[in-house]
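**Student:** Quick one: structure below, then a few questions.
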Amino acid sequence: MTGSIVALAYLGAAIGAGLAVIGAGIGIGRLASGAAEAIGRQPSAAAQITGAVNLPLFLLEGVAIIAEVVALLVVLTIE
């Protein structure tokens with residue numbers, strides 16, 4: 001490939017990974033904020049709220065990691 005195409009592929013991978021991580025960070029922040037607010041309103045339900053928040057939190061982190069891996073694969077497979 002030519003140099004400009006390779007440079008654009010690197011730029012696209014970097015922007016894609018950055019946007020995925022920023023989006024996941026915003027989502028995790030909103031999720032934690034909602035959970036903290038719910039626990040503040042009803043402290044007796046803290047265990048149930050925390051349990052309900054864990055699965056989406058782990059899935060959201062997994063999406064960010066997969067996006068980073070895909071961006072890394074794009075970079076590593078450029079010829």
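All residue names refer to the structure tokens as shown: chains lettered A, B, ... in order, residues numbered from 1 in each chain, ligands numbered from 1 in order.
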Using only C-alpha atoms, which residues sit within 12 Å of Val63 of chain A once same-chain residues fewer than 2 positions away are excluded, as a PyMOL selection string?
**Tutor:** chain A and resi 17+19-25+27-28+56-61+65-70
**Student:** Neighbours of Val6 of chain A within 12 Å (only C-alpha atoms; same-chain residues fewer than 4 positions away dropped), as number ranges by chain?
**Tutor:** A: 1-2, 10-13, 74-79
**Student:** What is the distance, in Å and to one decimal place, between atom CA of Gly62 of chain A and atom CA of Ala47 of chain A?
**Tutor:**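 Computing the Euclidean distance for atom CA of Gly62 of chain A and atom CA of Ala47 of chain A yields 23.1 Å.
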